[in-house]
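A.B. asks: I'm passing along work.txt; it holds compact mmCIF, C-alpha atoms and all ligand atoms.
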```
# COMPACT_ATOMS: atom_id res chain seq x y z
CA MET A 1 97.69 129.27 99.88
CA LYS A 2 99.69 130.45 96.91
CA ASP A 3 101.19 127.82 94.56
CA ILE A 4 104.71 129.19 94.02
CA PHE A 5 106.33 126.18 92.35
CA ASN A 6 104.55 123.07 91.12
CA GLY A 7 103.17 121.64 94.35
CA VAL A 8 104.92 124.02 96.77
CA TYR A 9 102.65 126.50 98.48
CA LYS A 10 103.32 129.67 100.42
CA TYR A 11 101.09 130.61 103.33
CA ARG A 12 101.82 133.42 105.77
CA GLY A 13 105.44 133.52 104.59
CA GLU A 14 106.09 129.79 105.11
CA PHE A 15 106.29 126.84 102.72
CA TYR A 16 103.84 123.95 102.64
CA THR A 17 103.11 120.87 100.53
CA LYS A 18 99.71 119.27 100.03
CA ASN A 19 99.55 116.22 102.28
CA MET A 20 99.08 113.08 100.20
CA ASP A 21 98.43 111.18 103.45
CA PRO A 22 95.84 113.44 105.13
CA GLY A 23 95.57 113.15 108.89
CA GLU A 24 99.12 111.78 109.20
CA LYS A 25 102.30 113.65 110.06
CA VAL A 26 105.84 112.47 109.30
CA TYR A 27 108.00 114.40 111.77
CA GLY A 28 105.50 116.18 113.98
CA GLU A 29 105.10 119.06 111.51
CA ASP A 30 102.15 121.46 111.74
CA THR A 31 99.31 121.08 109.28
CA VAL A 32 96.78 123.57 107.94
CA LYS A 33 93.36 122.76 106.46
CA LEU A 34 91.98 125.06 103.78
CA ASP A 35 89.09 124.31 101.41
CA LYS A 36 88.99 120.71 102.63
CA LEU A 37 92.65 120.17 101.68
CA GLU A 38 95.42 119.53 104.20
CA TYR A 39 98.85 121.12 103.83
CA ARG A 40 102.03 120.18 105.74
CA TYR A 41 104.39 122.88 106.99
CA TRP A 42 107.80 122.36 105.43
CA ASP A 43 110.28 123.19 108.17
CA PRO A 44 113.53 124.83 106.91
CA ASN A 45 115.26 123.85 110.13
CA ARG A 46 114.50 120.18 109.48
CA SER A 47 114.83 119.98 105.68
CA LYS A 48 117.67 121.41 103.59
CA LEU A 49 115.41 121.68 100.56
CA ALA A 50 112.99 123.86 102.53
CA ALA A 51 116.00 125.88 103.72
CA ALA A 52 117.06 126.37 100.08
CA LEU A 53 113.53 127.55 99.23
CA LYS A 54 113.62 129.96 102.14
CA LYS A 55 116.93 131.28 100.86
CA GLY A 56 115.38 131.98 97.47
CA LEU A 57 116.04 128.91 95.31
CA LYS A 58 114.92 130.09 91.90
CA LYS A 59 114.09 126.77 90.30
CA LEU A 60 112.60 123.61 91.75
CA PRO A 61 112.89 120.84 89.15
CA LEU A 62 110.05 118.75 90.56
CA ASP A 63 106.53 118.30 89.26
CA LYS A 64 103.59 115.93 89.38
CA GLY A 65 104.81 112.62 87.96
CA SER A 66 108.56 113.27 88.45
CA LYS A 67 110.71 110.23 89.14
CA VAL A 68 113.26 110.88 91.87
CA LEU A 69 116.20 108.95 93.32
CA TYR A 70 116.79 110.16 96.87
CA LEU A 71 120.20 109.28 98.37
CA GLY A 72 120.40 109.55 102.17
CA ALA A 73 116.65 109.48 102.86
CA ALA A 74 117.02 109.01 106.64
CA GLN A 75 113.55 108.80 108.25
CA GLY A 76 111.91 110.37 105.19
CA THR A 77 111.48 113.97 106.34
CA THR A 78 112.39 115.73 103.09
CA ALA A 79 111.52 112.71 100.94
CA SER A 80 107.93 112.88 102.22
CA HIS A 81 107.56 116.48 101.01
CA ILE A 82 108.96 115.46 97.62
CA SER A 83 106.41 112.62 97.67
CA ASP A 84 103.66 115.23 98.23
CA ILE A 85 104.92 117.23 95.24
CA VAL A 86 105.30 114.39 92.71
CA GLU A 87 101.91 112.86 93.76
CA GLU A 88 100.61 109.40 92.85
CA ASN A 89 102.04 109.30 89.33
CA GLY A 90 105.54 110.13 90.48
CA ILE A 91 107.94 108.02 92.49
CA VAL A 92 110.64 108.58 95.10
CA TYR A 93 113.22 105.79 95.43
CA CYS A 94 114.63 106.30 98.93
CA VAL A 95 118.13 104.91 99.47
CA GLU A 96 119.33 104.76 103.08
CA PHE A 97 122.00 102.55 104.63
CA SER A 98 121.18 102.94 108.32
CA GLU A 99 118.93 100.09 109.42
CA ARG A 100 117.64 102.17 112.29
CA ALA A 101 116.60 105.05 110.01
CA VAL A 102 115.05 102.60 107.54
CA ARG A 103 112.80 101.21 110.28
CA ASP A 104 111.11 104.64 110.57
CA LEU A 105 111.30 105.20 106.82
CA LEU A 106 109.34 101.99 106.24
CA ASP A 107 106.38 103.35 108.22
CA VAL A 108 106.27 106.43 106.00
CA CYS A 109 106.68 104.42 102.77
CA GLU A 110 103.90 102.00 103.75
CA ARG A 111 101.42 104.86 103.84
CA ARG A 112 102.58 106.53 100.63
CA VAL A 113 102.19 104.71 97.32
CA ASN A 114 104.96 106.70 95.64
CA MET A 115 107.81 106.13 98.15
CA VAL A 116 110.01 103.06 97.77
CA PRO A 117 112.45 102.25 100.59
CA ILE A 118 115.83 100.80 99.59
CA LEU A 119 118.16 99.63 102.35
CA SER A 120 121.46 100.04 100.56
CA ASP A 121 124.71 101.96 100.38
CA ALA A 122 124.59 104.78 97.83
CA ARG A 123 128.23 103.94 97.01
CA LYS A 124 126.98 100.69 95.52
CA PRO A 125 124.39 101.67 92.92
CA TYR A 126 124.64 98.20 91.35
CA GLU A 127 122.70 96.95 94.42
CA TYR A 128 119.61 98.82 93.22
CA GLU A 129 120.14 98.79 89.49
CA TRP A 130 116.59 97.47 89.06
CA ILE A 131 115.20 101.02 89.47
CA GLU A 132 114.23 102.97 86.36
CA LYS A 133 116.01 106.07 85.02
CA VAL A 134 115.00 109.18 86.94
CA ASP A 135 114.37 112.87 86.26
CA VAL A 136 116.00 114.05 89.49
CA ILE A 137 118.64 112.84 91.92
CA TYR A 138 118.46 114.38 95.39
CA GLN A 139 121.46 113.69 97.58
CA ASP A 140 122.09 114.46 101.25
CA VAL A 141 124.57 111.91 102.63
CA ALA A 142 127.15 114.10 104.43
CA GLN A 143 130.08 111.87 103.47
CA PRO A 144 133.69 112.75 102.53
CA ASP A 145 133.19 111.08 99.11
CA GLN A 146 129.81 112.74 98.47
CA ILE A 147 130.81 114.04 95.01
CA GLU A 148 131.97 110.60 93.88
CA ILE A 149 128.70 109.05 95.19
CA MET A 150 126.70 111.61 93.25
CA LYS A 151 128.64 111.10 90.00
CA ARG A 152 128.34 107.33 90.24
CA ASN A 153 124.56 107.46 90.67
CA CYS A 154 124.08 110.13 88.01
CA SER A 155 125.91 108.17 85.37
CA ARG A 156 123.72 105.11 86.03
CA PHE A 157 120.31 106.55 86.74
CA LEU A 158 119.93 110.18 85.70
CA LYS A 159 118.29 110.89 82.34
CA SER A 160 120.09 113.37 80.11
CA GLY A 161 118.63 116.77 80.83
CA GLY A 162 117.86 115.51 84.36
CA TRP A 163 118.51 117.51 87.51
CA VAL A 164 120.70 117.09 90.57
CA MET A 165 119.80 118.60 93.92
CA PHE A 166 122.78 118.22 96.17
CA ALA A 167 123.06 119.19 99.85
CA VAL A 168 126.78 119.42 100.59
CA LYS A 169 128.21 119.28 104.09
CA ALA A 170 131.55 121.07 103.91
CA ARG A 171 132.94 119.71 107.18
CA ALA A 172 132.30 116.14 106.06
CA MET A 173 134.77 116.71 103.23
CA ASP A 174 137.63 118.51 104.94
CA VAL A 175 137.56 119.95 108.48
CA THR A 176 140.78 121.89 107.90
CA LYS A 177 139.42 124.00 105.03
CA GLU A 178 137.07 126.96 105.12
CA PRO A 179 133.60 125.95 103.87
CA LYS A 180 133.67 128.70 101.19
CA GLU A 181 136.87 127.22 99.76
CA ILE A 182 135.22 123.80 99.60
CA TYR A 183 132.11 125.20 97.87
CA LYS A 184 134.34 126.77 95.18
CA GLU A 185 136.11 123.45 94.61
CA ILE A 186 132.80 121.60 94.39
CA GLU A 187 131.43 124.08 91.91
CA SER A 188 134.45 123.82 89.62
CA GLU A 189 134.45 120.01 89.89
CA LEU A 190 130.75 119.79 89.06
CA ARG A 191 131.10 122.22 86.16
CA GLU A 192 133.27 119.62 84.41
CA SER A 193 130.28 117.36 83.88
CA PHE A 194 127.16 119.41 84.73
CA GLY A 195 125.65 122.81 84.17
CA VAL A 196 125.61 124.31 87.66
CA VAL A 197 122.52 126.47 87.84
CA GLU A 198 122.53 127.62 91.46
CA LEU A 199 124.75 127.24 94.51
CA MET A 200 123.72 128.74 97.82
CA GLU A 201 124.81 128.54 101.42
CA LEU A 202 122.13 127.30 103.79
CA ASP A 203 122.95 129.39 106.85
CA PRO A 204 121.31 130.22 109.22
CA PHE A 205 119.21 127.06 108.81
CA GLU A 206 122.18 124.68 108.34
CA GLY A 207 125.70 125.88 109.15
CA ASP A 208 128.57 124.78 106.87
CA HIS A 209 126.21 123.45 104.22
CA CYS A 210 125.57 124.51 100.68
CA PHE A 211 122.86 123.45 98.26
CA VAL A 212 123.66 122.91 94.60
CA LEU A 213 121.24 122.69 91.71
CA ALA A 214 122.81 121.30 88.56
CA ARG A 215 121.67 119.81 85.25
CA LYS A 216 123.07 116.88 83.33
CA PRO A 217 123.72 117.87 79.69
C1 LIG A 301 121.69 114.43 106.94
S1 LIG A 301 120.90 112.87 106.92
C2 LIG A 301 119.65 113.04 105.70
C3 LIG A 301 118.43 113.81 106.08
C4 LIG A 301 117.36 113.71 105.01
N1 LIG A 301 117.92 113.95 103.71
C5 LIG A 301 116.20 114.65 105.20
O1 LIG A 301 116.31 115.84 104.84
O2 LIG A 301 115.15 114.21 105.66
C6 LIG A 301 122.05 111.88 106.06
C7 LIG A 301 121.58 110.46 105.87
O3 LIG A 301 122.38 109.85 104.88
C8 LIG A 301 122.59 108.51 105.25
N2 LIG A 301 123.78 108.03 104.52
C9 LIG A 301 125.06 108.45 104.67
N3 LIG A 301 125.88 107.82 103.81
C10 LIG A 301 125.10 106.98 103.10
C11 LIG A 301 125.36 106.05 102.07
N4 LIG A 301 126.61 105.87 101.61
N5 LIG A 301 124.34 105.34 101.56
C12 LIG A 301 123.08 105.52 102.03
N6 LIG A 301 122.76 106.38 103.01
C13 LIG A 301 123.76 107.11 103.53
C14 LIG A 301 122.77 108.56 106.75
O4 LIG A 301 122.54 107.31 107.36
C15 LIG A 301 121.72 109.61 107.13
O5 LIG A 301 120.49 109.01 107.43
```
In C-alpha cells, what does this structure look like?
Ligand SMILES: C[S@@+](CC[C@H](N)C(=O)[O-])C[C@H]1O[C@@H](n2cnc3c(N)ncnc32)[C@H](O)[C@@H]1O
C.D. replies:
Amino acid sequence: MKDIFNGVYKYRGEFYTKNMDPGEKVYGEDTVKLDKLEYRYWDPNRSKLAAALKKGLKKLPLDKGSKVLYLGAAQGTTASHISDIVEENGIVYCVEFSERAVRDLLDVCERRVNMVPILSDARKPYEYEWIEKVDVIYQDVAQPDQIEIMKRNCSRFLKSGGWVMFAVKARAMDVTKEPKEIYKEIESELRESFGVVELMELDPFEGDHCFVLARKP
C-alpha cells in the first residue's frame, strides 16, 4: 500500500482508504488486509471523488482532522471514504434530503463516530446553522441550481482559505446545451468568487459530469 495523498492509498493501481470500521462494508466494496490493517477499495464507478483521483486529480484537500460539510450524501458511499480519511478527530456533516437515502445513511453514521447525518435540504442552510465552520465543502446534488446551492453554503460555512469539491452534472443544469459549454460557464462563474484550481471531466466513469476543485480566498 502506498500512501499517495493523506489517507488515500494506492494498491495494484487502485485506490483504497483505511477502514475506520474494520469488518464492515458500506456498499459491498472489496477489502484488503495488510499488516493487520483493513483497507476499503474506493470504486471510481460508484464515487465521483474516486473517479477524479483515477483521472489524475492533483490535490486532495483532506487530511486527518479535517471538518467537512457534505451536500448530497445519499447512502454515504463517498462520505464514508472521506470519513476514513479524516479519522476520529475530523468530522463529516452529511446533508441529504431524501428520507429513503437517510435511512441507509443512518446505519453508516451509527457505526462511525465522525459522520453526522442531517436530514435537510441543502438549499436551506439555515436549517443546519448549528454546525461549525468547515475546511471543505463537498457537493454532489445534481440539481439545476447546484451553483447557487454551493455559493449559499460556502458563504455560511466555509472558512476563508477553505476548499470546495464540486461534482457537477451538466444535464441537470441544461439538457439543450453541450456539457463542455456548461463546464466553461461554471468555471467562469466560479472564478468570480473562488480560485478554481482544477476542473476535469469524469468520463468514462461518469458521463456528462465534471469535477471542480476550488478555493475560497
Ligand atoms: C448523485 S447522488 C449523491 C451520491 C453521493 N454523493 C456519493 O457519491 O455517495 C445525489 C444526492 O443528492 C441528494 N440531493 C439532491 N438535491 C438535494 C438537496 N437540495 N438537498 C439535499 N440533498 C439533495 C439526492 O437525494 C441524492 O441522494
A.B. asks: Using only C-alpha atoms and all ligand atoms, find each protein or nucleic acid residue lying at most 7 Å from ligand LIG 301 (chain A); present the set as a VMD selection string.
C.D. replies: chain A and resid 46 to 48 71 to 79 95 to 98 101 120 to 123 140 to 143
A.B. asks: Would you compute the distance between atom CA of A:Arg215 and atom CA of A:Val168? Give it in Å to one decimal.
C.D. replies: 16.2 Å
A.B. asks: Can you check which parts of stretch 54-160 of chain A lie within 8 Å of stretch 16-30 of chain A? Per residue, the shortest pair of atoms and distance in Å to one decimal, counting all atoms listed in the file, sorted by chain and number, as a Markdown table.
C.D. replies:
```
| residue | atom | partner | partner_atom | distance |
| --- | --- | --- | --- | --- |
| A:Gly76 | CA | A:Val26 | CA | 7.6 |
| A:Thr77 | CA | A:Tyr27 | CA | 6.5 |
| A:Ser80 | CA | A:Val26 | CA | 7.4 |
| A:His81 | CA | A:Thr17 | CA | 6.3 |
| A:Ser83 | CA | A:Met20 | CA | 7.8 |
| A:Asp84 | CA | A:Met20 | CA | 5.4 |
| A:Ile85 | CA | A:Thr17 | CA | 6.7 |
| A:Glu87 | CA | A:Met20 | CA | 7.0 |
| A:Val108 | CA | A:Val26 | CA | 6.9 |
| A:Arg111 | CA | A:Asp21 | CA | 7.0 |
| A:Arg112 | CA | A:Asp21 | CA | 6.8 |
```
A.B. asks: Which of these, A:Val164, A:Asp208, A:Glu178, A:Ala214, has the shortest distance to A:Arg191 once you count all atoms listed in the file?
C.D. replies: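 Closest to A:Arg191, using all atoms listed in the file: A:Ala214.
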A.B. asks: Between atom CA of A:Lys33 and atom CA of A:Met115, measure the distance and give it in Å to one decimal.
C.D. replies: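 Rounded to one decimal, the two atoms are 23.5 Å apart.
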A.B. asks: Separation of atom CA of A:Tyr126 and atom CA of A:Val102, in Å?
C.D. replies: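 So the two atoms, atom CA of A:Tyr126 and atom CA of A:Val102, lie 19.3 Å apart.
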A.B. asks: Within 12 Å of (120.6, 106.8, 85.8) in the file's own coordinates, which protein, DNA or RNA residues have an atom, counting all atoms listed in the file? List them as number ranges by chain.
C.D. replies: A: 67-69, 125-126, 128-137, 150-164, 216
A.B. asks: Which residue gives the smallest distance to A:Pro61 among A:Leu37, A:Ile149, A:Val113, A:Val86, with only C-alpha atoms counted?
C.D. replies: A:Val86
A.B. asks: Residues within 6 Å of A:Thr31, please, as JSON, numbers by chain. Count all atoms listed in the file; anything in the same chain fewer than 4 positions from it doesn't count.
C.D. replies: {"A": [39, 40, 41]}
A.B. asks: Counting all atoms listed in the file, which residues in stretch 33-98 of chain A sit no more than 12 Å from stretch 195-200 of chain A? For each one, give the nearest pair of atoms and the distance in Å, sorted by chain then residue number, as JSON lines.
C.D. replies:
```
{"residue": "A:Lys48", "atom": "CA", "partner": "A:Met200", "partner_atom": "CA", "distance": 11.1}
{"residue": "A:Leu49", "atom": "CA", "partner": "A:Met200", "partner_atom": "CA", "distance": 11.2}
{"residue": "A:Ala51", "atom": "CA", "partner": "A:Met200", "partner_atom": "CA", "distance": 10.1}
{"residue": "A:Ala52", "atom": "CA", "partner": "A:Met200", "partner_atom": "CA", "distance": 7.4}
{"residue": "A:Leu53", "atom": "CA", "partner": "A:Met200", "partner_atom": "CA", "distance": 10.4}
{"residue": "A:Lys54", "atom": "CA", "partner": "A:Met200", "partner_atom": "CA", "distance": 11.1}
{"residue": "A:Lys55", "atom": "CA", "partner": "A:Met200", "partner_atom": "CA", "distance": 7.9}
{"residue": "A:Gly56", "atom": "CA", "partner": "A:Met200", "partner_atom": "CA", "distance": 9.0}
{"residue": "A:Leu57", "atom": "CA", "partner": "A:Glu198", "partner_atom": "CA", "distance": 7.7}
{"residue": "A:Lys58", "atom": "CA", "partner": "A:Glu198", "partner_atom": "CA", "distance": 8.0}
{"residue": "A:Lys59", "atom": "CA", "partner": "A:Glu198", "partner_atom": "CA", "distance": 8.6}
{"residue": "A:Leu60", "atom": "CA", "partner": "A:Glu198", "partner_atom": "CA", "distance": 10.7}
{"residue": "A:Pro61", "atom": "CA", "partner": "A:Val197", "partner_atom": "CA", "distance": 11.2}
```
A.B. asks: Store the residues picked out above in a file with C-alpha atoms, as a JSON list (two decimals), in the coordinates of the input.
C.D. replies:
```json
[["chain", "number", "residue", "atom", "x", "y", "z"],
["A", 48, "LYS", "CA", 117.67, 121.41, 103.59],
["A", 49, "LEU", "CA", 115.41, 121.68, 100.56],
["A", 51, "ALA", "CA", 116.00, 125.88, 103.72],
["A", 52, "ALA", "CA", 117.06, 126.37, 100.08],
["A", 53, "LEU", "CA", 113.53, 127.55, 99.23],
["A", 54, "LYS", "CA", 113.62, 129.96, 102.14],
["A", 55, "LYS", "CA", 116.93, 131.28, 100.86],
["A", 56, "GLY", "CA", 115.38, 131.98, 97.47],
["A", 57, "LEU", "CA", 116.04, 128.91, 95.31],
["A", 58, "LYS", "CA", 114.92, 130.09, 91.90],
["A", 59, "LYS", "CA", 114.09, 126.77, 90.30],
["A", 60, "LEU", "CA", 112.60, 123.61, 91.75],
["A", 61, "PRO", "CA", 112.89, 120.84, 89.15]]
```
A.B. asks: Which residue, A:Cys210, A:Ile82, A:Tyr138, A:Glu189, has the smallest gap to A:Lys169 when you use all atoms listed in the file?
C.D. replies: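 Ranked by minimum distance to A:Lys169, first place goes to A:Cys210.
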A.B. asks: Report, as JSON, the centre and edge lengths in Å (one decimal) of the axis-aligned box enclosing every listed atom of stretch 28-44 of chain A, padded by 4 Å on each side.
C.D. replies:
```
{"center_x": 101.3, "center_y": 120.6, "center_z": 107.7, "size_x": 32.5, "size_y": 16.9, "size_z": 20.6}
```
A.B. asks: Counting all atoms listed in the file, which of A:Lys64, A:His209, A:Lys36, A:Arg103 gets nearest to A:Val8?
C.D. replies: A:Lys64
A.B. asks: For A:Glu148, which residue out of A:Lys124, A:Tyr70, A:Glu38, A:Ala50 is the nearest one, using only C-alpha atoms?
C.D. replies: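 The shortest atom-to-atom distance to A:Glu148 comes from A:Lys124.
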A.B. asks: Using all atoms listed in the file, find the one residue out of A:Glu99, A:Cys94, A:Met173, A:Phe15 that sits nearest to A:Pro44.
C.D. replies: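 Smallest separation from A:Pro44 among the options: A:Phe15.
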A.B. asks: Please return stretch 77-94 of chain A, rebuilt to N, CA, C and O atoms, as a JSON list (two decimals), in the coordinates of the input.
C.D. replies:
```json
[["chain", "number", "residue", "atom", "x", "y", "z"],
["A", 77, "THR", "N", 112.00, 112.61, 106.13],
["A", 77, "THR", "CA", 111.48, 113.97, 106.34],
["A", 77, "THR", "C", 111.33, 114.73, 105.02],
["A", 77, "THR", "O", 110.22, 115.07, 104.60],
["A", 78, "THR", "N", 112.45, 114.99, 104.35],
["A", 78, "THR", "CA", 112.39, 115.73, 103.09],
["A", 78, "THR", "C", 111.75, 114.88, 101.99],
["A", 78, "THR", "O", 110.96, 115.38, 101.18],
["A", 79, "ALA", "N", 112.08, 113.60, 101.99],
["A", 79, "ALA", "CA", 111.52, 112.71, 100.94],
["A", 79, "ALA", "C", 109.99, 112.73, 100.96],
["A", 79, "ALA", "O", 109.35, 112.65, 99.91],
["A", 80, "SER", "N", 109.40, 112.88, 102.16],
["A", 80, "SER", "CA", 107.93, 112.88, 102.22],
["A", 80, "SER", "C", 107.35, 114.14, 101.58],
["A", 80, "SER", "O", 106.28, 114.10, 100.97],
["A", 81, "HIS", "N", 108.05, 115.26, 101.68],
["A", 81, "HIS", "CA", 107.56, 116.48, 101.01],
["A", 81, "HIS", "C", 107.71, 116.34, 99.49],
["A", 81, "HIS", "O", 106.85, 116.79, 98.73],
["A", 82, "ILE", "N", 108.80, 115.69, 99.06],
["A", 82, "ILE", "CA", 108.96, 115.46, 97.62],
["A", 82, "ILE", "C", 107.85, 114.52, 97.15],
["A", 82, "ILE", "O", 107.27, 114.70, 96.08],
["A", 83, "SER", "N", 107.52, 113.53, 97.98],
["A", 83, "SER", "CA", 106.41, 112.62, 97.67],
["A", 83, "SER", "C", 105.10, 113.39, 97.51],
["A", 83, "SER", "O", 104.31, 113.13, 96.59],
["A", 84, "ASP", "N", 104.86, 114.39, 98.37],
["A", 84, "ASP", "CA", 103.66, 115.23, 98.23],
["A", 84, "ASP", "C", 103.66, 115.94, 96.88],
["A", 84, "ASP", "O", 102.62, 116.07, 96.24],
["A", 85, "ILE", "N", 104.84, 116.42, 96.46],
["A", 85, "ILE", "CA", 104.92, 117.23, 95.24],
["A", 85, "ILE", "C", 104.73, 116.37, 93.98],
["A", 85, "ILE", "O", 104.01, 116.75, 93.06],
["A", 86, "VAL", "N", 105.34, 115.19, 93.96],
["A", 86, "VAL", "CA", 105.30, 114.39, 92.71],
["A", 86, "VAL", "C", 103.99, 113.60, 92.60],
["A", 86, "VAL", "O", 103.66, 113.11, 91.52],
["A", 87, "GLU", "N", 103.24, 113.51, 93.71],
["A", 87, "GLU", "CA", 101.91, 112.86, 93.76],
["A", 87, "GLU", "C", 101.94, 111.40, 93.27],
["A", 87, "GLU", "O", 102.99, 110.82, 93.07],
["A", 88, "GLU", "N", 100.75, 110.85, 93.09],
["A", 88, "GLU", "CA", 100.61, 109.40, 92.85],
["A", 88, "GLU", "C", 101.32, 108.91, 91.59],
["A", 88, "GLU", "O", 101.76, 107.77, 91.53],
["A", 89, "ASN", "N", 101.41, 109.76, 90.57],
["A", 89, "ASN", "CA", 102.04, 109.30, 89.33],
["A", 89, "ASN", "C", 103.56, 109.43, 89.35],
["A", 89, "ASN", "O", 104.22, 109.00, 88.40],
["A", 90, "GLY", "N", 104.09, 110.04, 90.37],
["A", 90, "GLY", "CA", 105.54, 110.13, 90.48],
["A", 90, "GLY", "C", 106.05, 109.03, 91.39],
["A", 90, "GLY", "O", 105.28, 108.21, 91.91],
["A", 91, "ILE", "N", 107.37, 109.02, 91.60],
["A", 91, "ILE", "CA", 107.94, 108.02, 92.49],
["A", 91, "ILE", "C", 109.20, 108.57, 93.15],
["A", 91, "ILE", "O", 109.92, 109.37, 92.53],
["A", 92, "VAL", "N", 109.42, 108.18, 94.40],
["A", 92, "VAL", "CA", 110.64, 108.58, 95.10],
["A", 92, "VAL", "C", 111.32, 107.31, 95.59],
["A", 92, "VAL", "O", 110.82, 106.64, 96.51],
["A", 93, "TYR", "N", 112.44, 106.94, 94.98],
["A", 93, "TYR", "CA", 113.22, 105.79, 95.43],
["A", 93, "TYR", "C", 114.13, 106.29, 96.55],
["A", 93, "TYR", "O", 114.97, 107.17, 96.32],
["A", 94, "CYS", "N", 113.94, 105.77, 97.74],
["A", 94, "CYS", "CA", 114.63, 106.30, 98.93],
["A", 94, "CYS", "C", 115.74, 105.36, 99.38],
["A", 94, "CYS", "O", 115.49, 104.33, 100.01]]
```
